[in-house]
$ cat run-v4.csv   # CSV, C-alpha atoms
chain,number,residue,atom,x,y,z
A,1,MET,CA,169.4,-114.0,5.7
A,2,ARG,CA,166.0,-113.9,7.5
A,3,ARG,CA,164.9,-110.9,9.3
A,4,ARG,CA,163.5,-111.2,12.8
A,5,ALA,CA,160.1,-109.6,13.3
A,6,ARG,CA,160.3,-106.5,15.3
A,7,ARG,CA,158.3,-106.3,18.5
A,8,PRO,CA,156.2,-103.2,19.2
A,9,GLY,CA,158.0,-100.8,21.4
A,10,PRO,CA,156.7,-99.7,24.8
A,11,ARG,CA,155.1,-96.6,23.3
A,12,LEU,CA,153.1,-98.5,20.7
A,13,GLY,CA,152.1,-101.1,23.2
A,14,ALA,CA,150.7,-98.3,25.6
A,15,ILE,CA,148.8,-96.7,22.7
A,16,THR,CA,147.3,-100.1,21.8
A,17,ALA,CA,146.3,-100.7,25.4
A,18,ARG,CA,144.6,-97.3,25.7
A,19,LEU,CA,142.7,-97.9,22.5
A,20,CYS,CA,141.5,-101.3,23.6
A,21,LEU,CA,140.6,-100.4,27.1
A,22,PRO,CA,137.2,-98.7,26.3
A,23,LEU,CA,136.3,-101.7,24.2
A,24,VAL,CA,137.1,-104.1,27.0
A,25,LEU,CA,135.1,-102.0,29.5
A,26,ALA,CA,132.1,-101.8,27.1
A,27,ALA,CA,132.2,-105.6,26.7
A,28,VAL,CA,132.3,-106.1,30.5
A,29,ALA,CA,129.3,-103.7,30.8
A,30,ALA,CA,127.4,-105.6,28.1
A,31,VAL,CA,128.1,-108.9,29.8
A,32,ASP,CA,126.8,-107.3,33.1
A,33,VAL,CA,123.6,-106.2,31.4
A,34,ILE,CA,123.1,-109.6,29.9
A,35,ALA,CA,123.7,-111.2,33.2
A,36,GLU,CA,120.8,-109.4,34.8
A,37,PRO,CA,117.7,-109.8,32.5
A,38,ARG,CA,115.1,-107.1,32.3
A,39,VAL,CA,112.4,-109.5,33.4
A,40,GLN,CA,113.2,-111.8,36.4
A,41,THR,CA,110.8,-114.3,38.1
A,42,LEU,CA,110.5,-116.2,41.3
A,43,PRO,CA,107.9,-119.0,41.9
A,44,LEU,CA,105.7,-117.5,44.5
A,45,SER,CA,101.9,-117.5,45.1
A,46,VAL,CA,101.3,-113.8,45.5
A,47,THR,CA,97.9,-112.6,46.8
A,48,ARG,CA,98.7,-108.9,47.2
A,49,ILE,CA,101.4,-106.4,46.7
A,50,GLU,CA,101.4,-103.2,48.7
A,51,ALA,CA,102.2,-99.7,47.3
A,52,ASP,CA,105.7,-99.9,48.7
A,53,GLY,CA,106.4,-103.3,47.1
A,54,ALA,CA,105.7,-105.5,50.2
A,55,VAL,CA,104.5,-108.9,49.1
A,56,VAL,CA,101.8,-111.0,50.8
A,57,THR,CA,101.7,-114.7,49.9
A,58,ALA,CA,98.8,-117.2,50.0
A,59,ASP,CA,99.8,-118.4,53.5
A,60,GLY,CA,99.5,-114.8,54.9
A,61,ALA,CA,103.3,-114.3,55.2
A,62,TRP,CA,104.8,-110.9,54.3
A,63,HIS,CA,108.0,-110.5,52.3
A,64,ARG,CA,110.2,-107.7,50.8
A,65,PRO,CA,111.5,-108.2,47.3
A,66,GLU,CA,115.2,-107.4,46.7
A,67,VAL,CA,118.0,-108.1,44.2
A,68,ASN,CA,120.8,-110.3,45.5
A,69,GLY,CA,123.7,-110.9,43.2
A,70,GLY,CA,121.7,-109.7,40.3
A,71,ARG,CA,118.9,-112.1,41.0
A,72,LEU,CA,115.4,-111.5,42.3
A,73,ALA,CA,114.9,-112.7,45.9
A,74,ILE,CA,112.6,-112.2,48.9
A,75,VAL,CA,113.3,-111.7,52.6
A,76,PRO,CA,110.8,-111.9,55.5
A,77,ALA,CA,109.0,-108.7,56.4
A,78,GLU,CA,107.0,-107.7,59.4
A,79,ALA,CA,103.2,-108.2,59.0
A,80,ARG,CA,101.0,-105.2,59.0
A,81,LEU,CA,97.6,-104.9,60.7
A,82,ALA,CA,94.6,-104.0,58.5
A,83,LEU,CA,93.1,-100.6,59.4
A,84,GLU,CA,89.6,-100.5,60.6
A,85,PRO,CA,87.0,-98.7,58.5
A,86,MET,CA,86.8,-95.0,59.2
A,87,ALA,CA,83.0,-95.1,59.5
A,88,PRO,CA,80.4,-97.8,60.3
A,89,ASP,CA,78.8,-97.4,56.9
A,90,GLN,CA,82.0,-97.3,54.8
A,91,LEU,CA,81.7,-99.4,51.6
A,92,PRO,CA,83.1,-102.9,52.3
A,93,GLN,CA,86.5,-103.6,50.7
A,94,SER,CA,87.0,-99.8,50.1
A,95,ARG,CA,89.9,-97.7,51.2
A,96,VAL,CA,90.1,-94.2,52.8
A,97,ALA,CA,92.1,-91.6,50.9
A,98,THR,CA,94.0,-88.9,52.9
A,99,ASP,CA,95.2,-85.6,51.6
A,100,ARG,CA,98.9,-84.6,51.4
A,101,LEU,CA,98.8,-82.7,54.7
A,102,GLY,CA,97.0,-85.4,56.6
A,103,THR,CA,94.2,-83.0,57.6
A,104,GLY,CA,91.5,-84.4,55.3
A,105,ALA,CA,90.1,-87.7,54.2
A,106,ALA,CA,87.6,-89.0,51.7
A,107,TRP,CA,85.7,-92.3,51.6
A,108,LEU,CA,82.8,-94.1,50.0
A,109,ALA,CA,79.7,-94.7,52.2
A,110,ARG,CA,76.2,-96.1,52.3
A,111,PRO,CA,76.5,-99.4,50.5
A,112,THR,CA,73.8,-100.3,48.1
A,113,SER,CA,73.0,-103.3,45.8
A,114,ARG,CA,70.8,-101.3,43.4
A,115,TYR,CA,73.4,-101.4,40.5
A,116,ARG,CA,73.8,-105.0,39.4
A,117,HIS,CA,77.2,-105.1,37.8
A,118,GLY,CA,79.6,-106.6,40.3
A,119,VAL,CA,82.7,-105.7,38.5
A,120,LEU,CA,84.6,-105.1,41.8
A,121,GLY,CA,83.9,-108.5,43.3
A,122,ASP,CA,80.5,-108.2,45.0
A,123,GLY,CA,77.0,-106.7,44.4
A,124,LEU,CA,77.7,-103.6,46.6
A,125,GLU,CA,78.5,-100.1,45.5
A,126,ALA,CA,78.3,-96.7,47.3
A,127,GLU,CA,75.6,-94.2,47.1
A,128,ALA,CA,77.5,-91.5,49.0
A,129,LEU,CA,80.9,-89.8,49.0
A,130,ARG,CA,82.1,-88.3,52.3
A,131,TYR,CA,85.0,-85.8,53.0
A,132,PHE,CA,86.3,-84.9,56.4
A,133,ARG,CA,88.6,-81.9,56.9
A,134,GLU,CA,89.8,-80.6,60.2
A,135,GLY,CA,87.8,-77.6,61.4
A,136,LEU,CA,84.9,-78.3,59.0
A,137,GLY,CA,83.7,-81.8,60.0
A,138,VAL,CA,82.2,-84.2,57.4
A,139,ALA,CA,80.6,-83.1,54.1
A,140,GLU,CA,78.6,-85.6,52.2
A,141,ILE,CA,77.0,-85.9,48.7
A,142,VAL,CA,74.4,-88.6,48.1
A,143,LEU,CA,73.6,-89.8,44.5
A,144,PRO,CA,70.1,-90.2,43.2
A,145,PRO,CA,68.6,-93.7,42.9
A,146,SER,CA,69.7,-93.9,39.2
A,147,ALA,CA,73.5,-93.7,40.0
A,148,VAL,CA,76.2,-95.2,42.3
A,149,PHE,CA,79.9,-94.6,43.0
A,150,GLU,CA,81.4,-97.7,41.3
A,151,ASP,CA,84.8,-97.4,42.9
A,152,LEU,CA,86.9,-98.5,46.0
A,153,GLU,CA,89.0,-95.5,46.7
A,154,PRO,CA,88.6,-91.7,46.0
A,155,ARG,CA,91.7,-89.9,44.7
A,156,LEU,CA,92.7,-86.5,46.1
A,157,ALA,CA,94.6,-84.0,43.9
A,158,ASP,CA,94.7,-80.3,43.2
A,159,LEU,CA,93.7,-80.4,39.6
A,160,ASP,CA,93.4,-76.6,38.9
A,161,GLY,CA,96.1,-75.2,41.0
A,162,ASP,CA,93.9,-73.3,43.4
A,163,GLY,CA,95.5,-74.9,46.5
A,164,GLN,CA,92.5,-77.0,47.3
A,165,GLU,CA,92.4,-80.7,46.5
A,166,GLU,CA,89.6,-82.1,44.4
A,167,ILE,CA,88.2,-85.6,44.8
A,168,ILE,CA,88.2,-87.9,41.8
A,169,VAL,CA,85.9,-90.9,41.8
A,170,VAL,CA,84.1,-93.3,39.3
A,171,ARG,CA,80.4,-92.6,39.1
A,172,SER,CA,78.1,-94.9,37.1
A,173,THR,CA,74.5,-94.4,36.0
A,174,PHE,CA,71.9,-97.1,35.1
A,175,ASP,CA,71.5,-95.6,31.6
A,176,HIS,CA,75.0,-94.5,30.5
A,177,GLY,CA,77.6,-96.4,32.5
A,178,ALA,CA,80.7,-95.0,34.1
A,179,ALA,CA,82.3,-91.6,34.1
A,180,LEU,CA,85.0,-89.8,36.1
A,181,ALA,CA,83.5,-87.3,38.4
A,182,VAL,CA,85.3,-84.5,40.2
A,183,TYR,CA,84.0,-83.1,43.5
A,184,ALA,CA,85.3,-80.3,45.7
A,185,LEU,CA,84.3,-78.4,48.9
A,186,ALA,CA,82.3,-75.2,48.4
A,187,GLY,CA,82.1,-73.7,51.9
A,188,ASP,CA,81.0,-76.6,54.0
A,189,ALA,CA,79.3,-78.5,51.2
A,190,LEU,CA,80.6,-81.1,48.8
A,191,VAL,CA,79.6,-80.3,45.2
A,192,GLU,CA,80.3,-81.6,41.7
A,193,LYS,CA,83.0,-79.6,39.9
A,194,ALA,CA,83.2,-81.4,36.6
A,195,ALA,CA,82.8,-84.9,35.0
A,196,THR,CA,83.9,-86.7,31.8
A,197,ALA,CA,81.3,-87.8,29.3
A,198,PRO,CA,80.0,-91.3,30.4
A,199,ILE,CA,80.9,-94.3,28.4
A,200,GLY,CA,77.4,-94.4,27.1
A,201,THR,CA,76.3,-97.9,27.8
A,202,PRO,CA,75.1,-99.4,31.2
A,203,ASN,CA,77.5,-101.8,32.9
A,204,ARG,CA,80.5,-100.3,31.2
A,205,TRP,CA,83.3,-99.3,33.6
A,206,LEU,CA,86.6,-97.4,33.7
A,207,ASN,CA,89.5,-97.8,36.0
A,208,PRO,CA,91.4,-94.7,37.1
A,209,ILE,CA,95.2,-94.6,37.1
A,210,GLY,CA,95.7,-91.3,38.9
A,211,VAL,CA,97.1,-87.9,38.1
A,212,ALA,CA,100.4,-86.7,36.8
A,213,ASP,CA,102.0,-83.9,34.7
A,214,LEU,CA,102.8,-86.2,31.7
A,215,ASP,CA,104.1,-83.5,29.4
A,216,GLY,CA,106.0,-81.4,31.9
A,217,ASP,CA,104.0,-78.2,31.2
A,218,GLY,CA,103.0,-77.7,34.8
A,219,ARG,CA,99.4,-78.8,34.3
A,220,THR,CA,98.0,-81.9,35.9
A,221,GLU,CA,96.5,-84.7,33.7
A,222,ILE,CA,94.0,-87.3,34.9
A,223,LEU,CA,94.4,-90.8,33.6
A,224,ALA,CA,92.1,-93.8,33.3
A,225,VAL,CA,91.6,-97.0,31.3
A,226,GLU,CA,88.1,-97.1,29.8
A,227,THR,CA,86.5,-100.6,29.5
A,228,PRO,CA,89.6,-102.5,30.7
A,229,HIS,CA,87.9,-105.9,30.3
A,230,ILE,CA,86.8,-105.6,26.7
A,231,GLY,CA,89.6,-103.8,24.9
A,232,GLY,CA,90.6,-100.9,27.1
A,233,THR,CA,91.6,-97.4,26.0
A,234,LEU,CA,94.0,-95.2,28.0
A,235,ARG,CA,92.4,-91.7,28.2
A,236,VAL,CA,94.0,-88.5,29.5
A,237,TRP,CA,92.0,-85.5,30.6
A,238,ARG,CA,92.6,-82.0,32.0
A,239,LEU,CA,90.3,-79.9,34.2
A,240,GLU,CA,90.1,-76.6,32.3
A,241,ASP,CA,87.5,-73.9,32.8
A,242,GLY,CA,85.3,-76.1,34.8
A,243,GLN,CA,85.3,-78.9,32.1
A,244,MET,CA,87.1,-82.2,31.8
A,245,ARG,CA,88.8,-82.0,28.4
A,246,GLU,CA,90.2,-85.1,26.8
A,247,VAL,CA,93.7,-84.4,25.5
A,248,ALA,CA,95.0,-87.8,24.4
A,249,ALA,CA,93.9,-91.5,24.0
A,250,LEU,CA,95.5,-94.8,23.0
A,251,ALA,CA,93.9,-98.2,22.7
A,252,GLY,CA,95.0,-101.7,23.8
A,253,PHE,CA,95.2,-101.9,27.6
A,254,SER,CA,93.8,-103.7,30.7
A,255,ASN,CA,94.5,-102.6,34.2
A,256,HIS,CA,91.9,-104.7,36.1
A,257,VAL,CA,90.9,-108.3,36.5
A,258,ILE,CA,87.1,-108.5,36.5
A,259,GLY,CA,85.7,-109.3,39.9
A,260,SER,CA,88.9,-108.2,41.7
A,261,THR,CA,89.2,-105.5,44.3
A,262,GLU,CA,92.8,-104.6,43.2
A,263,LEU,CA,92.7,-101.5,41.0
A,264,ALA,CA,96.4,-100.7,40.7
A,265,LEU,CA,97.5,-102.9,37.8
A,266,HIS,CA,99.6,-99.9,36.6
A,267,ALA,CA,102.4,-97.6,37.7
A,268,VAL,CA,103.4,-94.0,37.0
A,269,LEU,CA,107.2,-93.2,37.1
A,270,ASP,CA,109.9,-91.7,35.0
A,271,TRP,CA,110.9,-94.8,33.1
A,272,ASP,CA,113.3,-93.3,30.6
A,273,LEU,CA,114.8,-90.7,33.0
A,274,ASP,CA,113.8,-87.7,30.9
A,275,GLY,CA,112.3,-85.8,33.8
A,276,ARG,CA,108.7,-86.5,33.0
A,277,PRO,CA,106.5,-89.3,34.3
A,278,ASP,CA,105.5,-92.3,32.1
A,279,VAL,CA,102.7,-94.8,32.5
A,280,VAL,CA,103.3,-98.5,32.7
A,281,LEU,CA,100.4,-100.8,32.3
A,282,PRO,CA,99.5,-104.2,30.8
A,283,ASP,CA,98.2,-104.8,27.3
A,284,VAL,CA,94.7,-106.3,26.8
A,285,SER,CA,96.1,-109.9,27.5
A,286,ARG,CA,97.9,-108.6,30.6
A,287,ARG,CA,100.9,-110.6,29.4
A,288,ILE,CA,102.9,-107.6,28.0
A,289,LEU,CA,103.8,-104.4,29.9
A,290,ARG,CA,103.6,-101.3,27.8
A,291,VAL,CA,105.4,-98.1,28.7
A,292,ILE,CA,103.6,-95.0,27.5
A,293,SER,CA,104.8,-91.4,27.3
A,294,MET,CA,103.2,-88.2,26.3
A,295,ARG,CA,104.7,-86.5,23.3
A,296,PRO,CA,103.7,-83.4,21.3
A,297,GLY,CA,101.7,-85.6,19.0
A,298,GLY,CA,100.0,-87.6,21.7
A,299,LEU,CA,100.6,-90.8,23.6
A,300,VAL,CA,103.4,-93.1,22.3
A,301,GLU,CA,104.8,-96.4,23.4
A,302,ILE,CA,108.4,-96.1,24.4
A,303,ASP,CA,109.0,-99.6,25.7
A,304,ARG,CA,107.4,-103.0,26.1
A,305,LEU,CA,108.3,-106.2,28.0
A,306,PRO,CA,106.7,-109.6,27.5
A,307,LEU,CA,105.8,-111.3,30.8
A,308,PRO,CA,105.7,-115.0,31.8
A,309,GLY,CA,102.1,-114.8,32.9
A,310,PRO,CA,99.1,-112.4,33.2
A,311,VAL,CA,99.4,-109.6,35.7
A,312,SER,CA,97.1,-110.1,38.6
A,313,THR,CA,98.3,-107.8,41.4
A,314,ARG,CA,99.3,-104.2,41.9
A,315,ILE,CA,102.4,-103.1,40.0
A,316,ALA,CA,104.7,-101.4,42.5
A,317,VAL,CA,108.0,-99.5,42.4
A,318,ALA,CA,110.5,-101.7,44.3
A,319,ALA,CA,113.7,-103.6,44.1
A,320,GLY,CA,115.3,-101.2,41.6
A,321,GLY,CA,112.4,-101.6,39.1
A,322,LEU,CA,108.8,-102.7,39.2
A,323,VAL,CA,107.4,-105.8,40.9
A,324,LEU,CA,104.1,-107.6,40.3
A,325,GLY,CA,102.4,-111.0,40.7
A,326,THR,CA,101.0,-113.1,37.9
A,327,GLY,CA,98.0,-115.4,37.7
A,328,ASN,CA,100.2,-118.4,37.2
A,329,GLY,CA,102.1,-118.1,40.5
A,330,LEU,CA,105.1,-115.9,39.8
A,331,LEU,CA,106.6,-112.9,41.4
A,332,VAL,CA,108.1,-110.8,38.6
A,333,ARG,CA,110.6,-107.9,38.6
A,334,VAL,CA,111.0,-105.7,35.5
A,335,ARG,CA,113.5,-103.0,35.1
A,336,PRO,CA,114.2,-100.2,32.6
A,337,ARG,CA,117.0,-100.6,30.0
$ encode --input "run-v4.csv" --output "structure tokens"
Amino acid sequence: MRRRARRPGPRLGAITARLCLPLVLAAVAAVDVIAEPRVQTLPLSVTRIEADGAVVTADGAWHRPEVNGGRLAIVPAEARLALEPMAPDQLPQSRVATDRLGTGAAWLARPTSRYRHGVLGDGLEAEALRYFREGLGVAEIVLPPSAVFEDLEPRLADLDGDGQEEIIVVRSTFDHGAALAVYALAGDALVEKAATAPIGTPNRWLNPIGVADLDGDGRTEILAVETPHIGGTLRVWRLEDGQMREVAALAGFSNHVIGSTELALHAVLDWDLDGRPDVVLPDVSRRILRVISMRPGGLVEIDRLPLPGPVSTRIAVAAGGLVLGTGNGLLVRVRPR
């Protein structure tokens, strides 16, 4: 006599369902992640990306990137008017930097063609740095004939915690190339506070990234890529006891296209959500994004993403990740894991 197979009772079936449910949910989540790639593209001739992610195309139209149904898309955005220079002798193509309170501003002035390098698109650099603050007027520092400010935008940040913002700018000399120089107000005068050692060779340049507390110790670091066109090195300094002290370095980056006025081929954000900022910037080919974090032993790569073309625009935080334009006509969105 054949025995009939027993079916699982209600209790066993419920237990089986409870055990399987997490696996099903995990599988659904995995499919969702796979459905939204970490690198997405959209054919688009991008000429400029603003700091907030607004995209300007070759026809002058403005767009806003977004994610629609898990896919990268753009929607029309209102065009913005270009701001007039702050002063008649402001360096062409340069930008005015304002402080966090909106009561001070710094800009590069007195264009000169005496430094024949042209790394920023033309033969003009600035021989003067100016700083305006309410109640004090304009303070100015003018470089000697053997040097220029080889930059397009000063950066304002309180580097030493004294409550007063310093001005960070690239200064190049005919004999030794570029260095990062830090200036500050002393009374009503603008004076040099510190500087990094110059690269050491004429017509060698560095591109600043900005400032951030990379290791979370409450102290501000200054970041730049040295020689971004010939095998760049990410260098990190701190202003300590009136000196710029290098605290970390890592090779293999490029955050500038030679001859371009776009300096922001990089981004600083908390990529891995550990509460500390990380640095995202291209490798030397500009076809791979590398994510760099500060650890007790120095700078380490925590992520990398191959790109479908070389980065050619600002890298901006937008659309739930980062957006950028490539030299082969693509708008690209990348996102953390």
$ residues_around --input "run-v4.csv" --residues "Glu140 in chain A" --least-positions-apart "6" --cutoff "8 Å" --atoms "all atoms listed in the file" --output "list in words"
Ala128, Leu129, Arg130, Tyr131, Ala189 and Leu190 of chain A
$ closest_residue --input "run-v4.csv" --among "A:Ser113, A:Gly53, A:Ser146, A:Pro277" --to "Asp217 in chain A" --atoms "all atoms listed in the file"
A:Pro277
$ residues_around --input "run-v4.csv" --residues "Met244 in chain A" --least-positions-apart "3" --cutoff "10 Å" --atoms "all atoms listed in the file" --output "number ranges by chain"
A: 180-182, 193-197, 221-222, 236-241, 247
$ atom_distance --input "run-v4.csv" --atom1 "CA of His256 in chain A" --atom2 "CA of Arg38 in chain A"
23.6 Å
$ atom_distance --input "run-v4.csv" --atom1 "CA of Ile209 in chain A" --atom2 "CA of Ile168 in chain A"
10.8 Å
$ closest_residue --input "run-v4.csv" --among "A:Val39, A:Leu206, A:Arg155, A:His266" --to "Pro336 in chain A" --atoms "only C-alpha atoms"
A:Val39
$ residues_near_point --input "run-v4.csv" --point "(92.6, -103.4, 29.5)" --cutoff "9 Å" --atoms "only C-alpha atoms" --output "count of residues only"
23
$ atom_distance --input "run-v4.csv" --atom1 "CA of Ala264 in chain A" --atom2 "CA of Glu134 in chain A"
28.8 Å
$ residues_near_point --input "run-v4.csv" --point "(82.1, -95.3, 28.7)" --cutoff "8 Å" --atoms "only C-alpha atoms" --output "list of chain:residue names"
A:His176, A:Gly177, A:Ala178, A:Ala179, A:Ala197, A:Pro198, A:Ile199, A:Gly200, A:Thr201, A:Arg204, A:Trp205, A:Leu206, A:Glu226, A:Thr227
$ residues_around --input "run-v4.csv" --residues "Ile302 in chain A" --least-positions-apart "2" --cutoff "9 Å" --atoms "all atoms listed in the file" --output "MDAnalysis selection string"
chainID A and resid 272 290:293 300 304
$ residues_around --input "run-v4.csv" --residues "Arg314 in chain A" --least-positions-apart "2" --cutoff "12 Å" --atoms "all atoms listed in the file" --output "PyMOL selection string"
chain A and resi 46-56+209+255-257+260-267+280-282+310-312+316-318+322-326+331-332
$ write_last_selection --input "run-v4.csv" --atoms "C-alpha atoms" --output "compact mmCIF listing (two decimals), keeping the file's coordinate frame"
# COMPACT_ATOMS: atom_id res chain seq x y z
CA VAL A 46 101.30 -113.80 45.50
CA THR A 47 97.90 -112.60 46.80
CA ARG A 48 98.70 -108.90 47.20
CA ILE A 49 101.40 -106.40 46.70
CA GLU A 50 101.40 -103.20 48.70
CA ALA A 51 102.20 -99.70 47.30
CA ASP A 52 105.70 -99.90 48.70
CA GLY A 53 106.40 -103.30 47.10
CA ALA A 54 105.70 -105.50 50.20
CA VAL A 55 104.50 -108.90 49.10
CA VAL A 56 101.80 -111.00 50.80
CA ILE A 209 95.20 -94.60 37.10
CA ASN A 255 94.50 -102.60 34.20
CA HIS A 256 91.90 -104.70 36.10
CA VAL A 257 90.90 -108.30 36.50
CA SER A 260 88.90 -108.20 41.70
CA THR A 261 89.20 -105.50 44.30
CA GLU A 262 92.80 -104.60 43.20
CA LEU A 263 92.70 -101.50 41.00
CA ALA A 264 96.40 -100.70 40.70
CA LEU A 265 97.50 -102.90 37.80
CA HIS A 266 99.60 -99.90 36.60
CA ALA A 267 102.40 -97.60 37.70
CA VAL A 280 103.30 -98.50 32.70
CA LEU A 281 100.40 -100.80 32.30
CA PRO A 282 99.50 -104.20 30.80
CA PRO A 310 99.10 -112.40 33.20
CA VAL A 311 99.40 -109.60 35.70
CA SER A 312 97.10 -110.10 38.60
CA ALA A 316 104.70 -101.40 42.50
CA VAL A 317 108.00 -99.50 42.40
CA ALA A 318 110.50 -101.70 44.30
CA LEU A 322 108.80 -102.70 39.20
CA VAL A 323 107.40 -105.80 40.90
CA LEU A 324 104.10 -107.60 40.30
CA GLY A 325 102.40 -111.00 40.70
CA THR A 326 101.00 -113.10 37.90
CA LEU A 331 106.60 -112.90 41.40
CA VAL A 332 108.10 -110.80 38.60
